[in-house]
$ cat entry.tsv   # TSV, C-alpha atoms
chain	number	residue	atom	x	y	z
J	595	LEU	CA	68.40	142.18	173.81
J	596	VAL	CA	65.78	139.76	175.12
J	597	GLN	CA	63.41	142.66	175.67
J	598	GLN	CA	63.90	143.66	172.05
J	599	LEU	CA	62.81	140.30	170.65
J	600	PRO	CA	61.83	139.49	167.95
J	601	ARG	CA	63.96	142.29	166.44
J	602	SER	CA	67.09	140.98	168.20
J	603	GLN	CA	66.49	137.32	167.22
J	604	ALA	CA	69.11	137.25	164.49
J	605	PHE	CA	71.71	138.84	166.72
J	606	LEU	CA	71.07	136.38	169.57
J	607	LEU	CA	71.21	133.44	167.17
J	608	ASP	CA	74.55	134.59	165.88
J	609	ALA	CA	75.78	135.01	169.46
J	610	ALA	CA	74.55	131.48	170.29
J	611	ARG	CA	77.14	130.04	167.89
J	612	ASN	CA	79.86	131.01	170.32
J	613	PRO	CA	80.83	127.93	172.38
J	614	ALA	CA	81.70	130.16	175.34
J	615	ARG	CA	79.31	130.95	178.18
J	616	SER	CA	77.96	133.99	176.36
J	617	GLY	CA	76.80	131.75	173.51
J	618	ASP	CA	75.01	129.42	175.89
J	619	GLU	CA	73.33	132.37	177.60
J	620	ALA	CA	72.16	133.70	174.25
J	621	ALA	CA	70.65	130.34	173.32
J	622	MET	CA	68.89	130.04	176.66
J	623	ALA	CA	67.55	133.58	176.38
J	624	LEU	CA	66.00	132.68	173.04
J	625	ALA	CA	64.52	129.47	174.44
J	626	ARG	CA	63.00	131.25	177.43
J	627	ALA	CA	61.45	133.88	175.21
J	628	GLY	CA	59.60	131.10	173.43
J	629	GLY	CA	59.38	132.65	169.97
J	630	PRO	CA	57.43	130.75	167.28
J	631	THR	CA	60.57	129.84	165.31
J	632	THR	CA	63.06	129.44	168.17
J	633	LEU	CA	63.22	125.64	168.10
J	634	LYS	CA	63.61	125.60	164.32
J	635	ASP	CA	66.32	128.26	164.49
J	636	LEU	CA	68.30	126.50	167.21
J	637	LEU	CA	68.12	123.19	165.36
J	638	LYS	CA	69.32	124.85	162.17
J	639	LEU	CA	72.21	126.33	164.12
J	640	TRP	CA	72.95	122.84	165.42
J	641	ALA	CA	73.04	121.43	161.91
J	642	GLY	CA	75.61	124.02	160.95
J	643	GLU	CA	77.62	123.71	164.16
J	644	PRO	CA	77.91	119.97	164.93
J	645	ARG	CA	80.15	120.65	167.93
J	646	ALA	CA	77.20	122.32	169.61
J	647	ALA	CA	76.32	118.76	170.65
J	648	GLU	CA	79.17	119.01	173.17
J	649	ARG	CA	77.55	121.97	174.92
J	650	SER	CA	75.25	120.77	177.68
J	651	ALA	CA	73.82	124.25	178.21
J	652	PHE	CA	72.97	124.48	174.51
J	653	ARG	CA	71.23	121.12	174.76
J	654	ASP	CA	69.21	122.49	177.67
J	655	SER	CA	68.19	125.42	175.50
J	656	VAL	CA	66.92	123.10	172.77
J	657	ALA	CA	64.95	121.11	175.34
J	658	MET	CA	63.35	124.26	176.70
J	659	ALA	CA	62.52	125.50	173.22
J	660	PHE	CA	60.86	122.15	172.50
J	661	ARG	CA	58.71	122.48	175.61
J	662	ARG	CA	57.79	126.07	174.85
J	663	GLY	CA	56.85	125.10	171.32
J	664	GLY	CA	54.01	122.89	172.52
J	665	THR	CA	52.37	120.24	170.34
J	666	GLY	CA	53.98	121.51	167.16
J	667	SER	CA	57.55	120.84	168.34
J	668	ALA	CA	57.65	117.22	167.24
J	669	ALA	CA	56.82	118.23	163.67
J	670	VAL	CA	59.60	120.84	163.74
J	671	VAL	CA	62.12	118.15	164.67
J	672	GLU	CA	60.84	115.82	161.94
J	673	GLN	CA	61.10	118.59	159.39
J	674	TRP	CA	64.64	119.38	160.54
J	675	VAL	CA	65.72	115.78	159.95
J	676	GLU	CA	64.04	115.55	156.54
J	677	GLN	CA	65.03	118.92	155.10
J	678	ASP	CA	68.37	119.74	156.74
J	679	ALA	CA	69.78	116.19	156.83
J	680	PRO	CA	71.70	116.99	160.05
J	681	SER	CA	74.89	115.09	160.85
J	682	VAL	CA	74.81	112.17	163.21
J	683	GLN	CA	76.64	114.33	165.76
J	684	ALA	CA	73.80	116.87	165.66
J	685	ARG	CA	71.14	114.15	165.86
J	686	ALA	CA	72.86	112.51	168.81
J	687	GLY	CA	73.07	115.82	170.64
J	688	ALA	CA	69.44	116.61	169.93
J	689	SER	CA	68.32	113.17	171.09
J	690	LEU	CA	70.17	113.67	174.38
J	691	ALA	CA	68.57	117.09	174.80
J	692	LEU	CA	65.02	115.91	174.11
J	693	ALA	CA	65.27	112.67	176.11
J	694	LYS	CA	65.50	114.74	179.29
J	695	VAL	CA	62.00	116.22	178.98
J	696	PRO	CA	58.79	114.16	178.96
J	697	GLU	CA	57.38	115.98	175.94
J	698	GLY	CA	60.48	115.25	173.88
J	699	LYS	CA	60.99	111.55	174.53
J	700	ALA	CA	59.11	110.30	171.47
J	701	SER	CA	61.09	112.65	169.22
J	702	ALA	CA	64.32	111.60	170.92
J	703	ALA	CA	63.51	107.95	170.26
J	704	ARG	CA	62.97	108.65	166.56
J	705	LEU	CA	66.23	110.59	166.36
J	706	ILE	CA	68.09	107.69	167.93
J	707	GLU	CA	66.53	105.16	165.58
J	708	SER	CA	67.48	107.28	162.57
J	709	SER	CA	71.08	107.47	163.79
J	710	LEU	CA	71.86	103.86	164.70
J	711	GLY	CA	73.30	102.91	161.34
J	712	LEU	CA	75.29	106.13	161.06
J	713	ALA	CA	76.97	106.44	164.45
J	714	GLN	CA	80.55	105.20	164.21
J	715	GLU	CA	82.60	107.53	166.42
J	716	PHE	CA	82.74	107.43	170.20
J	717	PRO	CA	81.23	110.91	170.94
J	718	GLU	CA	78.04	110.37	168.98
J	719	ARG	CA	77.64	106.80	170.19
J	720	TRP	CA	78.15	107.96	173.77
J	721	ARG	CA	75.42	110.59	173.50
J	722	LEU	CA	73.03	108.18	171.82
J	723	VAL	CA	73.57	105.68	174.63
J	724	LEU	CA	72.99	108.33	177.30
J	725	ALA	CA	69.82	109.43	175.54
J	726	ALA	CA	68.60	105.84	175.18
J	727	SER	CA	69.08	105.27	178.90
J	728	GLN	CA	66.31	107.80	179.53
J	729	LEU	CA	63.79	106.25	177.14
J	730	PRO	CA	61.52	103.20	177.14
J	731	ALA	CA	62.63	99.95	175.57
J	732	ASP	CA	62.19	99.20	171.89
J	733	PRO	CA	63.58	96.18	170.01
J	734	LYS	CA	65.75	98.02	167.48
J	735	THR	CA	67.56	100.29	169.93
J	736	ASP	CA	67.85	97.52	172.51
J	737	ALA	CA	69.54	95.31	169.92
J	738	TRP	CA	71.95	98.13	169.06
J	739	LEU	CA	72.81	98.61	172.74
J	740	ALA	CA	73.38	94.87	173.19
J	741	ALA	CA	75.70	94.91	170.18
J	742	LEU	CA	77.70	97.72	171.78
J	743	VAL	CA	78.01	95.71	174.98
J	744	ALA	CA	79.39	92.82	172.97
J	745	SER	CA	81.71	94.60	170.57
J	746	ALA	CA	82.36	98.29	171.26
J	747	GLU	CA	86.08	98.99	171.46
J	748	GLU	CA	85.81	101.43	174.37
J	749	TRP	CA	85.08	99.86	177.77
J	750	MET	CA	83.21	103.00	178.87
J	751	LEU	CA	80.82	102.54	175.99
J	752	ARG	CA	80.29	98.86	176.77
J	753	SER	CA	79.56	99.70	180.40
J	754	ALA	CA	77.27	102.62	179.54
J	755	ALA	CA	75.32	100.43	177.12
J	756	LEU	CA	74.72	97.97	179.97
J	757	ASP	CA	73.53	100.87	182.11
J	758	ALA	CA	71.11	101.89	179.38
J	759	LEU	CA	69.71	98.39	178.92
J	760	GLU	CA	69.07	98.10	182.64
J	761	ALA	CA	67.51	101.56	182.85
J	762	ARG	CA	65.19	100.73	179.94
J	763	ARG	CA	64.00	97.59	181.78
J	764	THR	CA	64.30	95.56	178.66
J	765	PRO	CA	64.49	91.74	178.59
J	766	ALA	CA	67.67	92.20	176.55
J	767	ALA	CA	69.56	93.41	179.62
J	768	VAL	CA	70.09	90.04	181.29
J	769	PRO	CA	71.46	88.16	178.24
J	770	ALA	CA	73.76	91.10	177.47
J	771	ALA	CA	74.99	91.15	181.07
J	772	LYS	CA	75.66	87.41	181.09
J	773	ALA	CA	77.73	87.76	177.93
J	774	ALA	CA	79.57	90.73	179.45
J	775	LEU	CA	80.80	88.56	182.33
J	776	GLN	CA	83.48	87.39	179.89
J	777	ASP	CA	84.59	90.97	179.16
J	778	ALA	CA	88.33	91.51	179.57
J	779	TYR	CA	87.82	94.79	181.41
J	780	PRO	CA	86.92	94.40	185.11
J	781	ARG	CA	84.69	97.47	185.28
J	782	VAL	CA	82.44	96.01	182.61
J	783	ARG	CA	82.20	92.70	184.47
J	784	ALA	CA	81.38	94.62	187.65
J	785	ARG	CA	78.61	96.50	185.87
J	786	ALA	CA	77.24	93.26	184.45
J	787	LEU	CA	76.98	91.79	187.94
J	788	ARG	CA	74.89	94.73	189.09
J	789	VAL	CA	72.49	94.10	186.21
J	790	LEU	CA	72.26	90.42	187.12
J	791	ALA	CA	71.34	91.28	190.69
J	792	ASN	CA	67.78	91.67	189.37
J	793	ASP	CA	67.76	88.13	187.96
J	794	ARG	CA	66.77	85.47	190.49
J	795	GLU	CA	68.41	82.76	188.42
J	796	SER	CA	71.83	84.42	188.61
J	797	ILE	CA	72.54	84.03	192.35
J	798	ASP	CA	75.07	81.27	191.76
J	799	VAL	CA	76.81	83.43	189.17
J	800	LEU	CA	77.09	86.30	191.65
J	801	VAL	CA	78.47	83.98	194.32
J	802	ASN	CA	81.03	82.57	191.93
J	803	TYR	CA	82.32	86.00	190.92
J	804	ALA	CA	82.41	87.16	194.55
J	805	ARG	CA	84.72	84.27	195.33
J	806	LYS	CA	86.80	83.74	192.24
J	807	ASP	CA	87.15	86.76	189.95
J	808	GLU	CA	90.79	87.77	189.67
J	809	TRP	CA	90.01	91.47	190.14
J	810	PHE	CA	89.12	92.85	193.58
J	811	LEU	CA	86.82	95.43	191.97
J	812	VAL	CA	84.66	92.68	190.49
J	813	ARG	CA	84.57	90.66	193.71
J	814	ALA	CA	83.52	93.75	195.64
J	815	ALA	CA	80.84	94.60	193.07
J	816	SER	CA	79.36	91.13	193.38
J	817	LEU	CA	79.27	91.38	197.18
J	818	ALA	CA	77.45	94.70	196.91
J	819	VAL	CA	74.47	93.05	195.19
J	820	LEU	CA	74.48	89.52	196.62
J	821	PRO	CA	71.04	88.67	198.04
J	822	ASP	CA	70.48	87.29	201.52
J	823	ALA	CA	70.40	83.68	200.38
J	824	PRO	CA	72.38	80.80	201.99
J	825	GLY	CA	75.00	80.80	199.25
J	826	GLY	CA	75.21	84.57	199.25
J	827	ARG	CA	75.72	84.94	202.98
J	828	ALA	CA	78.36	82.21	202.98
J	829	ALA	CA	80.28	84.05	200.26
J	830	MET	CA	80.09	87.26	202.28
J	831	VAL	CA	81.58	85.58	205.35
J	832	GLU	CA	84.30	83.91	203.29
J	833	SER	CA	85.20	87.26	201.76
J	834	LEU	CA	86.12	88.62	205.19
J	835	HIS	CA	89.41	86.80	204.56
J	836	ASP	CA	89.91	88.16	201.04
J	837	PRO	CA	93.45	89.45	200.40
J	838	SER	CA	92.05	92.81	199.25
J	839	PRO	CA	91.00	95.33	201.93
J	840	ILE	CA	88.45	96.72	199.47
J	841	VAL	CA	86.78	93.33	199.27
J	842	ARG	CA	86.93	92.84	203.04
J	843	THR	CA	85.25	96.22	203.46
J	844	ALA	CA	82.60	95.28	200.89
J	845	ALA	CA	82.01	91.97	202.70
J	846	ILE	CA	81.31	93.69	206.02
J	847	ARG	CA	79.05	96.21	204.29
J	848	ALA	CA	77.14	93.38	202.61
J	849	LEU	CA	76.69	91.57	205.92
J	850	ARG	CA	75.38	94.78	207.47
J	851	ARG	CA	72.96	95.17	204.56
J	852	VAL	CA	71.49	91.71	205.20
J	853	GLN	CA	71.54	92.35	208.97
J	854	ALA	CA	73.76	89.36	209.71
J	855	LYS	CA	74.13	90.21	213.40
J	856	ASP	CA	75.10	86.63	214.22
J	857	VAL	CA	78.42	86.85	212.33
J	858	TRP	CA	80.00	89.47	214.62
J	859	ALA	CA	82.44	86.81	215.83
J	860	SER	CA	83.79	86.68	212.26
J	861	VAL	CA	83.90	90.46	211.86
J	862	GLU	CA	85.45	91.21	215.26
J	863	PRO	CA	89.00	90.00	214.46
J	864	LEU	CA	89.18	92.56	211.64
J	865	VAL	CA	88.15	95.40	213.95
J	866	SER	CA	90.54	94.41	216.70
J	867	ASN	CA	93.51	93.90	214.36
J	868	THR	CA	95.74	96.95	214.77
J	869	GLU	CA	97.40	96.16	211.42
J	870	GLU	CA	94.13	96.14	209.50
J	871	TYR	CA	93.32	98.88	206.98
J	872	PRO	CA	91.33	101.79	208.49
J	873	ASP	CA	88.50	101.42	205.97
J	874	VAL	CA	87.97	97.82	207.04
J	875	ILE	CA	87.96	98.70	210.73
J	876	GLY	CA	85.64	101.62	210.09
J	877	GLU	CA	83.17	99.40	208.29
J	878	GLY	CA	83.33	96.94	211.19
J	879	ILE	CA	82.49	99.77	213.61
J	880	ALA	CA	79.56	100.78	211.41
J	881	PHE	CA	78.42	97.14	211.37
J	882	ALA	CA	78.38	96.98	215.18
J	883	ARG	CA	76.58	100.29	215.46
J	884	ALA	CA	73.94	99.65	212.82
J	885	LEU	CA	73.01	96.23	214.20
J	886	CYS	CA	73.19	97.20	217.91
J	887	ILE	CA	75.72	94.51	218.77
J	888	GLU	CA	76.22	94.76	222.52
J	889	ALA	CA	78.99	92.16	222.40
J	890	ALA	CA	81.06	94.57	220.30
J	891	ALA	CA	81.49	97.04	223.18
J	892	PRO	CA	84.88	95.75	224.46
J	893	THR	CA	86.36	95.83	220.96
J	894	LEU	CA	84.97	99.31	220.31
J	895	GLN	CA	86.45	100.50	223.61
J	896	ASP	CA	89.86	99.19	222.53
J	897	VAL	CA	89.57	101.17	219.30
J	898	VAL	CA	88.80	104.29	221.33
J	899	LYS	CA	91.77	103.76	223.65
J	900	ARG	CA	94.10	103.34	220.68
J	901	GLY	CA	92.94	106.50	219.01
J	902	LEU	CA	92.98	108.73	222.09
J	903	ARG	CA	96.57	108.00	223.01
J	904	PRO	CA	98.99	110.93	222.74
J	905	ASN	CA	100.47	111.19	219.26
J	906	ALA	CA	98.02	108.63	217.89
J	907	TRP	CA	97.92	108.20	214.12
J	908	THR	CA	95.26	110.41	212.50
J	909	ALA	CA	93.43	107.41	211.10
J	910	ASP	CA	93.30	105.85	214.59
J	911	GLN	CA	91.89	109.09	215.99
J	912	GLU	CA	89.13	109.12	213.39
J	913	LEU	CA	88.32	105.48	214.09
J	914	ALA	CA	88.16	106.30	217.81
J	915	PHE	CA	85.58	109.00	217.11
J	916	GLY	CA	83.52	106.53	215.11
J	917	ALA	CA	83.77	103.98	217.90
J	918	LEU	CA	82.66	106.59	220.46
J	919	GLU	CA	79.61	107.34	218.36
J	920	ALA	CA	78.88	103.62	218.05
J	921	LEU	CA	79.13	103.14	221.82
J	922	THR	CA	76.83	106.12	222.33
J	923	HIS	CA	74.35	104.54	219.92
J	924	LEU	CA	74.46	101.28	221.91
J	925	GLY	CA	73.20	103.26	224.90
J	926	GLY	CA	73.18	102.40	228.59
J	927	ALA	CA	76.53	101.77	230.24
J	928	ASN	CA	78.23	102.04	226.86
J	929	ALA	CA	76.95	105.59	226.41
J	930	LYS	CA	78.21	106.50	229.88
J	931	TRP	CA	81.65	105.08	229.02
J	932	SER	CA	81.61	107.07	225.79
J	933	LEU	CA	80.71	110.25	227.65
J	934	GLN	CA	83.63	109.80	230.05
J	935	ARG	CA	86.11	109.25	227.22
J	936	SER	CA	84.66	112.14	225.24
J	937	ALA	CA	86.15	114.52	227.79
J	938	ALA	CA	89.49	114.21	225.98
J	939	PRO	CA	90.34	117.56	224.33
J	940	MET	CA	90.75	116.05	220.88
J	941	VAL	CA	87.19	114.67	220.80
J	942	PRO	CA	84.79	116.86	218.77
J	943	ALA	CA	82.14	118.62	220.82
J	944	THR	CA	79.36	117.03	218.77
J	945	ILE	CA	80.37	113.58	220.01
J	946	ARG	CA	80.38	114.73	223.65
J	947	THR	CA	76.97	116.33	223.19
J	948	ALA	CA	75.50	113.19	221.64
J	949	ALA	CA	76.88	111.00	224.42
J	950	ALA	CA	75.50	113.30	227.12
J	951	ARG	CA	72.10	113.32	225.44
J	952	ALA	CA	72.05	109.52	225.23
J	953	VAL	CA	72.92	109.19	228.92
J	954	ASN	CA	70.35	111.76	230.05
J	955	GLN	CA	67.58	110.29	227.93
J	956	LEU	CA	68.39	106.68	228.83
J	957	ALA	CA	68.26	105.93	225.11
J	958	THR	CA	68.16	102.35	223.91
J	959	CYS	CA	69.79	101.13	220.73
J	960	ARG	CA	67.66	100.81	217.62
J	961	PRO	CA	69.02	98.96	214.58
J	962	GLU	CA	69.63	101.26	211.61
$ encode --input "entry.tsv" --output "structure tokens"
Amino acid sequence: LVQQLPRSQAFLLDAARNPARSGDEAAMALARAGGPTTLKDLLKLWAGEPRAAERSAFRDSVAMAFRRGGTGSAAVVEQWVEQDAPSVQARAGASLALAKVPEGKASAARLIESSLGLAQEFPERWRLVLAASQLPADPKTDAWLAALVASAEEWMLRSAALDALEARRTPAAVPAAKAALQDAYPRVRARALRVLANDRESIDVLVNYARKDEWFLVRAASLAVLPDAPGGRAAMVESLHDPSPIVRTAAIRALRRVQAKDVWASVEPLVSNTEEYPDVIGEGIAFARALCIEAAAPTLQDVVKRGLRPNAWTADQELAFGALEALTHLGGANAKWSLQRSAAPMVPATIRTAAARAVNQLATCRPE
């Protein structure tokens, strides 16, 4: 059928209405062929089939048709809006399609602006937000996004609007994020903290939420972005005693990120605690490995011995493998010890090979 274009154009357009895979393939075939009226025809189909906005492959076809249409494509989109008066669902879908390609961004921005006062339902708002996240800042759309952060009923929409404001690098992002810290939904507060990580004046806010938010998810999110400042590092160390294992894991990861090698004495009790959650211990092992902490060797060896016992718990075995790799990374006598223990049948061959290589090459530890 593609080879018979333009004679088969009408047939392919009719086939493109089908929401199944065959419809998407027909639309893409038309877009690839790059006929002079393809973009106009696909947009007209969109106006008559609003649910086409839900089809990501159809959106890709529209984007390709726009690119193939060259400099005249923007005028085709403008004409479509003026003459066909497409629904807000169709405009939202088209804006998301065109925002993905450099040539279509200006048209996508105009489609969004023309839809802001019309979008009331979640699907069209969601697509407009996703499209806006791929475009430069402008006052009108930024204000609309900030309003969604403040008042949208759906938490996913509030969070996505924050994402978009941050991606657009607009000054409106920080005030919206500060307001969102009072959001009732923890995932929105967590997203707001990640936005505020770019604001030097918000360090105290991040520290406060790392210590005091009632939800572990929010405390962990704050730790993930805390800078290496005196208050930030203190909050990381304090969080090693958080009641949530997820927060304790995040605290160790944060300390590794800021290369806080000197706090191993605070991390070590978590690694040596046989009752600790495996994720916490595993993060402690990664901490010792990444920062080349020689003093961690005895604790790592204990983890190995626990995991290589007969009938050891699967999680302990996996931690033992991680500890063997960490000891190998430390090099020297630790690599030799790791090689000896790697002879156990349950140890993967890759670990034995790495240990042997480290011993033979007399490798020294390099911080990761």
$ residues_around --input "entry.tsv" --residues "Trp720 of chain J" --least-positions-apart "5" --cutoff "12 Å" --atoms "only C-alpha atoms" --output "VMD selection string"
chain J and resid 647 to 648 682 to 683 686 to 687 689 to 690 706 710 713 to 715 725 to 727 739 742 746 748 to 755 757 to 758
$ closest_residue --input "entry.tsv" --among "J:Val743, J:Leu624, J:Ala889, J:Ala609" --to "Asp777 of chain J" --atoms "all atoms listed in the file"
J:Val743
$ closest_residue --input "entry.tsv" --among "J:Leu894, J:Leu606, J:Ala651, J:Ala815" --to "Thr632 of chain J" --atoms "all atoms listed in the file"
J:Leu606
$ residues_near_point --input "entry.tsv" --point "(75.1, 109.5, 220.7)" --cutoff "6 Å" --atoms "only C-alpha atoms" --output "list of chain:residue names"
J:Glu919, J:Thr922, J:His923, J:Ala948, J:Ala949, J:Ala952
$ residues_around --input "entry.tsv" --residues "Arg783 of chain J" --least-positions-apart "3" --cutoff "9 Å" --atoms "all atoms listed in the file" --output "PyMOL selection string"
chain J and resi 753+771+774-780+786-788+812+815
$ axis_aligned_box --input "entry.tsv" --around "segment 696-709 of chain J" --padding-each-side "3 Å" --output "JSON"
{"center_x": 64.2, "center_y": 110.6, "center_z": 170.8, "size_x": 19.7, "size_y": 16.8, "size_z": 22.4}
